[in-house]
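This is protein_2.txt. It holds compact mmCIF, C-alpha atoms and all ligand atoms.
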```
# COMPACT_ATOMS: atom_id res chain seq x y z
CA MET A 1 -63.85 -11.91 -37.07
CA ASN A 2 -67.43 -10.63 -37.22
CA VAL A 3 -67.76 -7.57 -35.01
CA LEU A 4 -71.02 -5.86 -34.11
CA TRP A 5 -70.47 -2.35 -32.71
CA ILE A 6 -73.30 -1.01 -30.58
CA PHE A 7 -72.94 2.77 -30.32
CA ALA A 8 -75.06 4.88 -27.98
CA HIS A 9 -74.21 8.57 -28.30
CA PRO A 10 -76.46 11.27 -29.74
CA GLU A 11 -73.64 13.30 -31.28
CA PRO A 12 -71.36 11.78 -33.93
CA ARG A 13 -68.89 14.69 -33.56
CA SER A 14 -68.35 13.95 -29.86
CA LEU A 15 -65.35 12.29 -28.30
CA GLY A 16 -67.33 9.09 -28.30
CA GLY A 17 -68.18 9.50 -31.96
CA SER A 18 -64.54 10.10 -32.86
CA LEU A 19 -63.46 7.01 -30.94
CA ARG A 20 -66.17 4.98 -32.66
CA ASP A 21 -64.85 6.14 -36.05
CA GLU A 22 -61.29 5.22 -35.02
CA GLY A 23 -62.42 1.83 -33.82
CA LEU A 24 -64.40 0.93 -36.92
CA SER A 25 -61.49 1.99 -39.16
CA ALA A 26 -59.02 -0.03 -37.11
CA LEU A 27 -61.19 -3.13 -37.25
CA ARG A 28 -61.66 -2.87 -41.00
CA ALA A 29 -57.92 -2.31 -41.48
CA GLN A 30 -57.21 -5.53 -39.62
CA GLY A 31 -59.58 -7.44 -41.87
CA ALA A 32 -62.57 -7.78 -39.58
CA ASP A 33 -66.10 -7.75 -40.93
CA VAL A 34 -67.92 -4.99 -39.10
CA ARG A 35 -71.56 -4.08 -38.65
CA GLU A 36 -72.93 -1.30 -36.51
CA SER A 37 -76.01 -0.45 -34.52
CA ASP A 38 -75.81 3.33 -34.09
CA LEU A 39 -78.81 3.59 -31.80
CA TYR A 40 -79.51 7.32 -32.06
CA ALA A 41 -78.97 7.34 -35.83
CA MET A 42 -81.37 4.38 -36.08
CA LYS A 43 -83.87 6.22 -33.88
CA TRP A 44 -84.00 3.07 -31.78
CA LYS A 45 -87.24 2.74 -29.80
CA ALA A 46 -85.89 2.58 -26.29
CA VAL A 47 -88.95 1.72 -24.27
CA VAL A 48 -90.58 -1.67 -24.03
CA ASP A 49 -94.27 -1.08 -24.63
CA ALA A 50 -97.24 -3.32 -24.07
CA ASP A 51 -97.02 -4.65 -27.60
CA ASP A 52 -93.36 -5.67 -27.18
CA PHE A 53 -94.03 -7.15 -23.79
CA GLY A 54 -96.95 -9.21 -24.97
CA ARG A 55 -94.90 -10.62 -27.79
CA ALA A 56 -91.73 -11.31 -25.84
CA ALA A 57 -93.21 -12.56 -22.60
CA SER A 58 -95.85 -14.90 -23.94
CA PRO A 59 -94.44 -18.38 -23.29
CA ASP A 60 -96.58 -20.10 -25.90
CA ARG A 61 -94.82 -18.12 -28.57
CA LEU A 62 -91.38 -19.31 -27.55
CA VAL A 63 -89.49 -22.29 -28.76
CA VAL A 64 -86.60 -22.79 -26.38
CA GLY A 65 -84.13 -25.56 -27.01
CA ALA A 66 -81.01 -26.59 -25.15
CA THR A 67 -79.02 -27.41 -28.21
CA SER A 68 -79.65 -24.46 -30.47
CA LYS A 69 -77.90 -21.19 -29.61
CA CYS A 70 -80.71 -19.03 -30.91
CA ALA A 71 -83.67 -21.36 -30.82
CA PHE A 72 -86.12 -18.54 -30.67
CA GLU A 73 -89.23 -18.14 -32.72
CA THR A 74 -88.76 -14.58 -33.90
CA GLY A 75 -91.74 -14.37 -36.17
CA GLU A 76 -93.80 -12.49 -33.60
CA LEU A 77 -91.17 -9.92 -32.75
CA GLY A 78 -90.95 -6.46 -34.24
CA GLU A 79 -88.84 -5.94 -37.33
CA ASP A 80 -86.33 -3.77 -35.48
CA ILE A 81 -85.74 -6.43 -32.81
CA ARG A 82 -85.39 -9.21 -35.36
CA ALA A 83 -82.79 -7.16 -37.23
CA GLU A 84 -80.73 -6.87 -34.04
CA HIS A 85 -81.08 -10.60 -33.40
CA GLU A 86 -79.80 -11.30 -36.87
CA LYS A 87 -76.78 -9.05 -36.28
CA LEU A 88 -76.05 -10.67 -32.91
CA ALA A 89 -76.35 -14.16 -34.37
CA TRP A 90 -73.88 -13.12 -37.08
CA ALA A 91 -71.37 -11.55 -34.67
CA ASP A 92 -68.69 -13.41 -32.79
CA THR A 93 -67.64 -10.22 -31.00
CA VAL A 94 -69.78 -7.35 -29.73
CA ILE A 95 -68.47 -3.91 -28.76
CA ILE A 96 -70.77 -1.84 -26.57
CA GLN A 97 -69.77 1.82 -26.54
CA PHE A 98 -71.39 4.60 -24.54
CA PRO A 99 -70.68 7.62 -22.33
CA LEU A 100 -71.19 6.99 -18.62
CA TRP A 101 -74.37 8.82 -17.67
CA TRP A 102 -75.36 8.82 -14.03
CA TYR A 103 -73.27 5.76 -13.29
CA GLY A 104 -74.83 3.80 -16.09
CA MET A 105 -75.61 3.57 -19.75
CA PRO A 106 -77.77 6.04 -21.68
CA ALA A 107 -81.44 5.06 -21.62
CA ILE A 108 -81.46 4.28 -25.32
CA LEU A 109 -78.88 1.54 -24.76
CA LYS A 110 -80.70 0.16 -21.74
CA GLY A 111 -83.76 0.03 -23.96
CA TRP A 112 -81.79 -1.85 -26.61
CA PHE A 113 -80.99 -4.56 -24.06
CA ASP A 114 -84.54 -4.54 -22.69
CA ARG A 115 -86.06 -5.08 -26.12
CA VAL A 116 -83.41 -7.23 -27.81
CA PHE A 117 -82.30 -9.57 -25.01
CA VAL A 118 -85.64 -11.34 -24.82
CA LYS A 119 -86.45 -14.72 -23.40
CA GLY A 120 -85.32 -17.59 -25.56
CA PHE A 121 -82.91 -15.38 -27.43
CA ALA A 122 -80.68 -14.15 -24.63
CA TYR A 123 -81.92 -16.10 -21.65
CA GLY A 124 -84.34 -18.78 -20.55
CA VAL A 125 -82.50 -21.64 -22.22
CA GLN A 126 -82.65 -24.98 -20.38
CA ARG A 127 -79.77 -27.42 -20.23
CA PRO A 128 -80.48 -31.11 -20.81
CA ASP A 129 -80.11 -31.67 -17.03
CA GLY A 130 -82.92 -29.20 -16.36
CA ARG A 131 -80.73 -26.41 -15.01
CA THR A 132 -81.02 -23.03 -16.59
CA ALA A 133 -78.13 -22.08 -18.83
CA ARG A 134 -76.95 -18.68 -17.71
CA TYR A 135 -73.88 -16.93 -16.25
CA GLY A 136 -71.34 -18.26 -18.69
CA GLU A 137 -73.67 -20.58 -20.56
CA GLY A 138 -76.69 -19.87 -22.68
CA ALA A 139 -77.92 -18.57 -25.96
CA LEU A 140 -75.02 -16.21 -26.61
CA ALA A 141 -72.21 -18.44 -25.31
CA GLY A 142 -69.11 -18.45 -27.47
CA LYS A 143 -69.35 -14.76 -28.27
CA ARG A 144 -67.04 -12.12 -26.82
CA ALA A 145 -68.16 -8.70 -25.61
CA MET A 146 -66.23 -5.61 -24.62
CA VAL A 147 -67.45 -2.33 -23.17
CA VAL A 148 -65.85 0.88 -24.44
CA LEU A 149 -66.70 3.71 -22.11
CA THR A 150 -66.00 7.41 -21.75
CA ALA A 151 -66.43 8.97 -18.32
CA GLY A 152 -66.07 12.53 -17.13
CA ALA A 153 -64.54 11.42 -13.85
CA PRO A 154 -60.75 11.44 -13.43
CA GLU A 155 -59.14 8.00 -13.41
CA ALA A 156 -58.33 7.86 -9.69
CA THR A 157 -61.93 8.52 -8.76
CA ILE A 158 -63.15 5.40 -10.58
CA GLY A 159 -60.63 3.15 -8.85
CA PRO A 160 -61.21 0.71 -6.00
CA ARG A 161 -61.20 3.48 -3.34
CA GLY A 162 -62.22 6.37 -5.57
CA VAL A 163 -65.29 8.40 -4.69
CA ASN A 164 -67.17 7.19 -7.78
CA GLY A 165 -66.71 3.55 -6.95
CA ASP A 166 -64.75 0.97 -8.88
CA ILE A 167 -65.51 0.75 -12.57
CA GLY A 168 -65.93 -3.03 -12.28
CA ASP A 169 -68.66 -2.44 -9.70
CA LEU A 170 -70.36 0.25 -11.80
CA LEU A 171 -70.39 -2.06 -14.80
CA PHE A 172 -71.46 -5.17 -12.86
CA PRO A 173 -75.12 -4.99 -13.98
CA LEU A 174 -74.08 -4.84 -17.62
CA GLN A 175 -71.00 -7.04 -17.65
CA HIS A 176 -72.12 -9.71 -15.19
CA GLY A 177 -75.89 -9.34 -15.00
CA THR A 178 -76.49 -9.00 -18.72
CA LEU A 179 -73.59 -10.07 -20.96
CA TRP A 180 -72.21 -12.90 -18.80
CA TYR A 181 -75.75 -13.88 -17.82
CA ALA A 182 -76.51 -14.41 -21.49
CA GLY A 183 -73.38 -16.53 -21.84
CA MET A 184 -70.97 -14.09 -23.42
CA SER A 185 -67.33 -13.91 -22.40
CA VAL A 186 -66.70 -10.37 -21.23
CA LEU A 187 -63.33 -8.75 -21.88
CA PRO A 188 -62.08 -6.09 -19.47
CA PRO A 189 -63.62 -2.72 -20.37
CA LEU A 190 -61.72 0.11 -21.97
CA THR A 191 -62.50 3.23 -19.95
CA ILE A 192 -61.44 6.66 -21.14
CA CYS A 193 -61.50 8.82 -18.01
CA GLY A 194 -61.43 12.60 -17.71
CA ALA A 195 -63.40 12.59 -20.96
CA ASP A 196 -64.79 16.11 -20.67
CA ARG A 197 -61.41 17.79 -21.18
CA VAL A 198 -59.38 15.89 -23.74
CA SER A 199 -56.38 17.47 -25.45
CA PRO A 200 -55.28 16.31 -28.92
CA GLY A 201 -52.50 14.34 -27.26
CA GLN A 202 -54.93 12.69 -24.86
CA PHE A 203 -57.26 11.87 -27.72
CA GLU A 204 -54.44 10.21 -29.62
CA ALA A 205 -53.52 8.20 -26.50
CA ALA A 206 -57.13 7.10 -26.11
CA ALA A 207 -57.39 6.16 -29.79
CA ALA A 208 -54.12 4.22 -29.56
CA ALA A 209 -55.39 2.34 -26.50
CA LEU A 210 -58.59 1.51 -28.36
CA ARG A 211 -56.73 0.31 -31.45
CA GLU A 212 -54.54 -1.92 -29.30
CA ARG A 213 -57.54 -3.45 -27.54
CA LEU A 214 -59.21 -4.10 -30.88
CA ARG A 215 -56.04 -5.62 -32.34
CA THR A 216 -55.92 -8.16 -29.51
CA LEU A 217 -59.66 -8.84 -29.19
CA ALA A 218 -59.34 -12.53 -29.96
CA ILE A 219 -56.57 -13.25 -27.46
CA GLN A 220 -57.40 -11.16 -24.39
CA ASP A 221 -58.38 -13.05 -21.27
CA PRO A 222 -62.00 -12.42 -20.29
CA ILE A 223 -63.01 -11.22 -16.85
CA PRO A 224 -62.94 -14.40 -14.72
CA PHE A 225 -66.58 -14.39 -13.66
CA ARG A 226 -67.63 -17.62 -12.00
CA HIS A 227 -69.88 -20.03 -13.92
CA GLN A 228 -73.27 -20.54 -12.30
CA ASN A 229 -73.22 -24.25 -13.09
CA GLY A 230 -69.49 -24.80 -12.54
CA GLY A 231 -69.74 -25.97 -8.94
CA ASP A 232 -68.93 -22.71 -7.15
CA TYR A 233 -72.55 -22.07 -6.17
CA ASP A 234 -74.84 -24.20 -4.04
CA ASP A 235 -78.37 -25.26 -4.95
CA ASP A 236 -79.67 -21.83 -3.92
CA LEU A 237 -77.08 -20.23 -6.23
CA VAL A 238 -75.18 -18.82 -3.27
CA LEU A 239 -71.40 -18.90 -3.43
CA ARG A 240 -70.06 -21.80 -1.38
CA ALA A 241 -68.72 -20.73 2.01
CA GLU A 242 -65.24 -22.09 1.36
CA LEU A 243 -64.80 -19.79 -1.65
CA ALA A 244 -63.75 -16.18 -0.99
CA PRO A 245 -64.08 -16.87 2.77
CA GLY A 246 -65.00 -13.88 4.88
CA ARG A 247 -65.76 -11.74 1.87
CA ASP A 248 -69.01 -10.68 0.26
CA GLY A 249 -70.21 -8.24 -2.37
CA ILE A 250 -69.66 -8.09 -6.07
CA GLY A 251 -66.00 -9.10 -6.01
CA VAL A 252 -66.70 -12.64 -4.79
CA HIS A 253 -68.16 -13.53 -8.19
CA LEU A 254 -64.72 -13.23 -9.73
CA ASP A 255 -62.66 -16.39 -9.64
CA THR A 256 -59.35 -14.70 -8.85
C1 LIG A 301 -76.51 13.08 -18.31
C2 LIG A 301 -75.05 12.93 -18.00
C3 LIG A 301 -74.67 12.17 -16.92
C4 LIG A 301 -73.31 11.94 -16.65
N1 LIG A 301 -72.97 11.13 -15.60
C5 LIG A 301 -71.66 10.85 -15.38
C6 LIG A 301 -71.28 9.95 -14.33
O1 LIG A 301 -72.10 9.38 -13.62
N2 LIG A 301 -69.95 9.70 -14.15
C7 LIG A 301 -69.00 10.30 -14.94
O2 LIG A 301 -67.81 10.03 -14.73
N3 LIG A 301 -69.34 11.15 -15.95
C8 LIG A 301 -70.63 11.44 -16.18
N4 LIG A 301 -70.99 12.27 -17.20
C9 LIG A 301 -69.94 12.80 -18.09
C10 LIG A 301 -69.86 11.99 -19.38
O3 LIG A 301 -69.46 10.66 -19.10
C11 LIG A 301 -68.88 12.63 -20.34
O4 LIG A 301 -69.37 13.93 -20.62
C12 LIG A 301 -68.72 11.88 -21.63
O5 LIG A 301 -68.22 10.57 -21.40
C13 LIG A 301 -67.73 12.61 -22.52
O6 LIG A 301 -67.71 12.01 -23.80
P1 LIG A 301 -68.48 12.71 -25.02
O7 LIG A 301 -67.81 14.06 -25.23
O8 LIG A 301 -68.28 11.79 -26.18
O9 LIG A 301 -69.93 12.86 -24.65
C14 LIG A 301 -72.32 12.53 -17.48
C15 LIG A 301 -72.72 13.34 -18.55
C16 LIG A 301 -74.06 13.55 -18.81
C17 LIG A 301 -74.47 14.39 -19.99
```
Go ahead and express the file in the form of structure tokens.
Ligand SMILES: Cc1cc2nc3c(=O)[nH]c(=O)nc-3n(C[C@H](O)[C@H](O)[C@H](O)COP(=O)(O)O)c2cc1C
Amino acid sequence: MNVLWIFAHPEPRSLGGSLRDEGLSALRAQGADVRESDLYAMKWKAVVDADDFGRAASPDRLVVGATSKCAFETGELGEDIRAEHEKLAWADTVIIQFPLWWYGMPAILKGWFDRVFVKGFAYGVQRPDGRTARYGEGALAGKRAMVVLTAGAPEATIGPRGVNGDIGDLLFPLQHGTLWYAGMSVLPPLTICGADRVSPGQFEAAAAALRERLRTLAIQDPIPFRHQNGGDYDDDLVLRAELAPGRDGIGVHLDT
């Protein structure tokens, strides 16, 4: 197993940093090959600037093919982006770890997706029938992804009726709109709640939960997001009326 661990926390001695260390050790102990993108340690440039945008958005610099997973002409991209593409192409599994900040990911991680998931690499791939390959198909199809998250909120408050909203809803832009969009199978997230006050016993429980999720990475069932091109959506990409009748919102995109 080739695992790429994306880590977005400024402080290696944090809870998040300790869990990252546990996770990398566990993966290596189980024989996985592991590479890491520690975004703060790398001083990752988080903001797409005009130079990036010109390179990534210029269609005449793209070579997009339906048959190649990464048919992307990377010669024009910055060195830092090409290095991340090489790691992603190598990986069969990607862990994305961050603390929940204002209901989302730290800006440095958002900027990693903005700059790395460029057209032709992560999206914009055409199928032979002319449809766009996305939501379960596409450049990164065949890879697995899992979010590892710490959150200050107590567990009950990130449940379906909790005041913070359901964690699946909070993570919908990342898990559905980014990872699944690019074709990756998304495993259920591991969320460590109440993360601002963690006793040694609670840390050990969190580390044990992480080790168990990593041990079973290859066999866990992914979140059952619907495939865009699997027949559930009409020509306008709206869910067919007979599916999830009477319901709307984020949950209807799960085939449960
Ligand atoms: C800028 C900022 C925003 C935060 N926003 C949230 C939030 O929206 N929901 C939540 O549950 N916790 C929030 N927290 C708490 C963090 O998730 C929590 O401190 C962190 O996960 C603890 O892990 P750490 O010690 O490794 O940083 C926030 C913390 C900071 C610093």
>> Counting all atoms listed in the file, which residues sit no farther than 12 Å from the position (-63.4, 1.4, -38.9) in the file's frame? I'd like them as a list in words.
In response: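 Every polymer residue passing the test: Val3, Leu4, Trp5, Gly17, Ser18, Leu19, Arg20, Asp21, Glu22, Gly23, Leu24, Ser25, Ala26, Leu27, Arg28, Ala29, Gln30, Gly31, Ala32, Asp33, Val34, Arg35, Glu36, Ala207, Leu210, Arg211 and Leu214 of chain A.
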>> Can you pull out every residue with an atom within 8 Å of ligand LIG 301 (chain A)? Use all atoms listed in the file and format it as a list in words.
In response: His9, Glu11, Arg13, Ser14, Leu15, Gly16, Gly17, Ser18, Phe98, Pro99, Leu100, Trp101, Trp102, Tyr103, Gly104, Pro106, Leu149, Thr150, Ala151, Gly152, Ala153, Pro154, Ile158, Asn164, Ile192, Cys193, Gly194, Ala195 and Asp196 of chain A
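CA of Val48 (chain A) to CA of Lys119 (chain A) spans 13.7 Å [interatomic distance, one decimal].
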>> I'd like to know which of A:Asp166, A:Glu155, A:Asp248, A:Asp92 is closest to Ser185 (chain A), using all atoms listed in the file.
In response: A:Asp92
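Of the residues listed (A:Tyr40, A:Gly183, A:Ala83, A:Val147), A:Val147 shows the shortest atom-to-atom separation from Leu171 (chain A); distances use all atoms listed in the file.
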>> Could you tell me how far CA of His227 (chain A) sits from CA of Leu254 (chain A), in Å to one decimal place?
In response: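 Separation between CA of Leu254 (chain A) and CA of His227 (chain A): 9.5 Å.
Between CA of Phe203 (chain A) and CA of Leu187 (chain A) the separation is 22.3 Å.
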> Taking into account all atoms listed in the file, which residue in the set A:Ala133, A:Leu190, A:Leu170, A:Leu217 is nearest to Gly230 (chain A)?
Replying inline: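 Counting all atoms listed in the file, the residue closest to Gly230 (chain A) is A:Ala133.
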Box in all listed atoms of region 138-157 of chain A, axis-aligned, with 6 Å more on each side; write out centre and edge lengths in Å to one decimal as AutoDock Vina command-line options.
```
--center_x -68.1 --center_y -3.7 --center_z -18.5 --size_x 31.6 --size_y 44.4 --size_z 31.5
```
>> From the options A:Val252, A:Pro224, A:Phe7, A:Asp235, which residue's atoms come nearest to Arg131 (chain A), counting all atoms listed in the file?
In response: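 Once distances to Arg131 (chain A) are computed over all atoms listed in the file, the minimum belongs to A:Asp235.
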> Taking (-66.9, -18.4, -11.5) in the file's coordinates as the center, which residues reach within 10 Å of it, counting all atoms listed in the file, put as number ranges by chain?
Replying inline: A: 135-136, 223-233, 239, 252-256
Take the residues from that selection and put them in a file with C-alpha atoms, as a PDB file, keeping the file's coordinate frame.
```
ATOM      1  CA  TYR A 135     -73.880 -16.930 -16.250  1.00  0.00           C
ATOM      2  CA  GLY A 136     -71.340 -18.260 -18.690  1.00  0.00           C
ATOM      3  CA  ILE A 223     -63.010 -11.220 -16.850  1.00  0.00           C
ATOM      4  CA  PRO A 224     -62.940 -14.400 -14.720  1.00  0.00           C
ATOM      5  CA  PHE A 225     -66.580 -14.390 -13.660  1.00  0.00           C
ATOM      6  CA  ARG A 226     -67.630 -17.620 -12.000  1.00  0.00           C
ATOM      7  CA  HIS A 227     -69.880 -20.030 -13.920  1.00  0.00           C
ATOM      8  CA  GLN A 228     -73.270 -20.540 -12.300  1.00  0.00           C
ATOM      9  CA  ASN A 229     -73.220 -24.250 -13.090  1.00  0.00           C
ATOM     10  CA  GLY A 230     -69.490 -24.800 -12.540  1.00  0.00           C
ATOM     11  CA  GLY A 231     -69.740 -25.970  -8.940  1.00  0.00           C
ATOM     12  CA  ASP A 232     -68.930 -22.710  -7.150  1.00  0.00           C
ATOM     13  CA  TYR A 233     -72.550 -22.070  -6.170  1.00  0.00           C
ATOM     14  CA  LEU A 239     -71.400 -18.900  -3.430  1.00  0.00           C
ATOM     15  CA  VAL A 252     -66.700 -12.640  -4.790  1.00  0.00           C
ATOM     16  CA  HIS A 253     -68.160 -13.530  -8.190  1.00  0.00           C
ATOM     17  CA  LEU A 254     -64.720 -13.230  -9.730  1.00  0.00           C
ATOM     18  CA  ASP A 255     -62.660 -16.390  -9.640  1.00  0.00           C
ATOM     19  CA  THR A 256     -59.350 -14.700  -8.850  1.00  0.00           C
TER      20      THR A 256
END
```
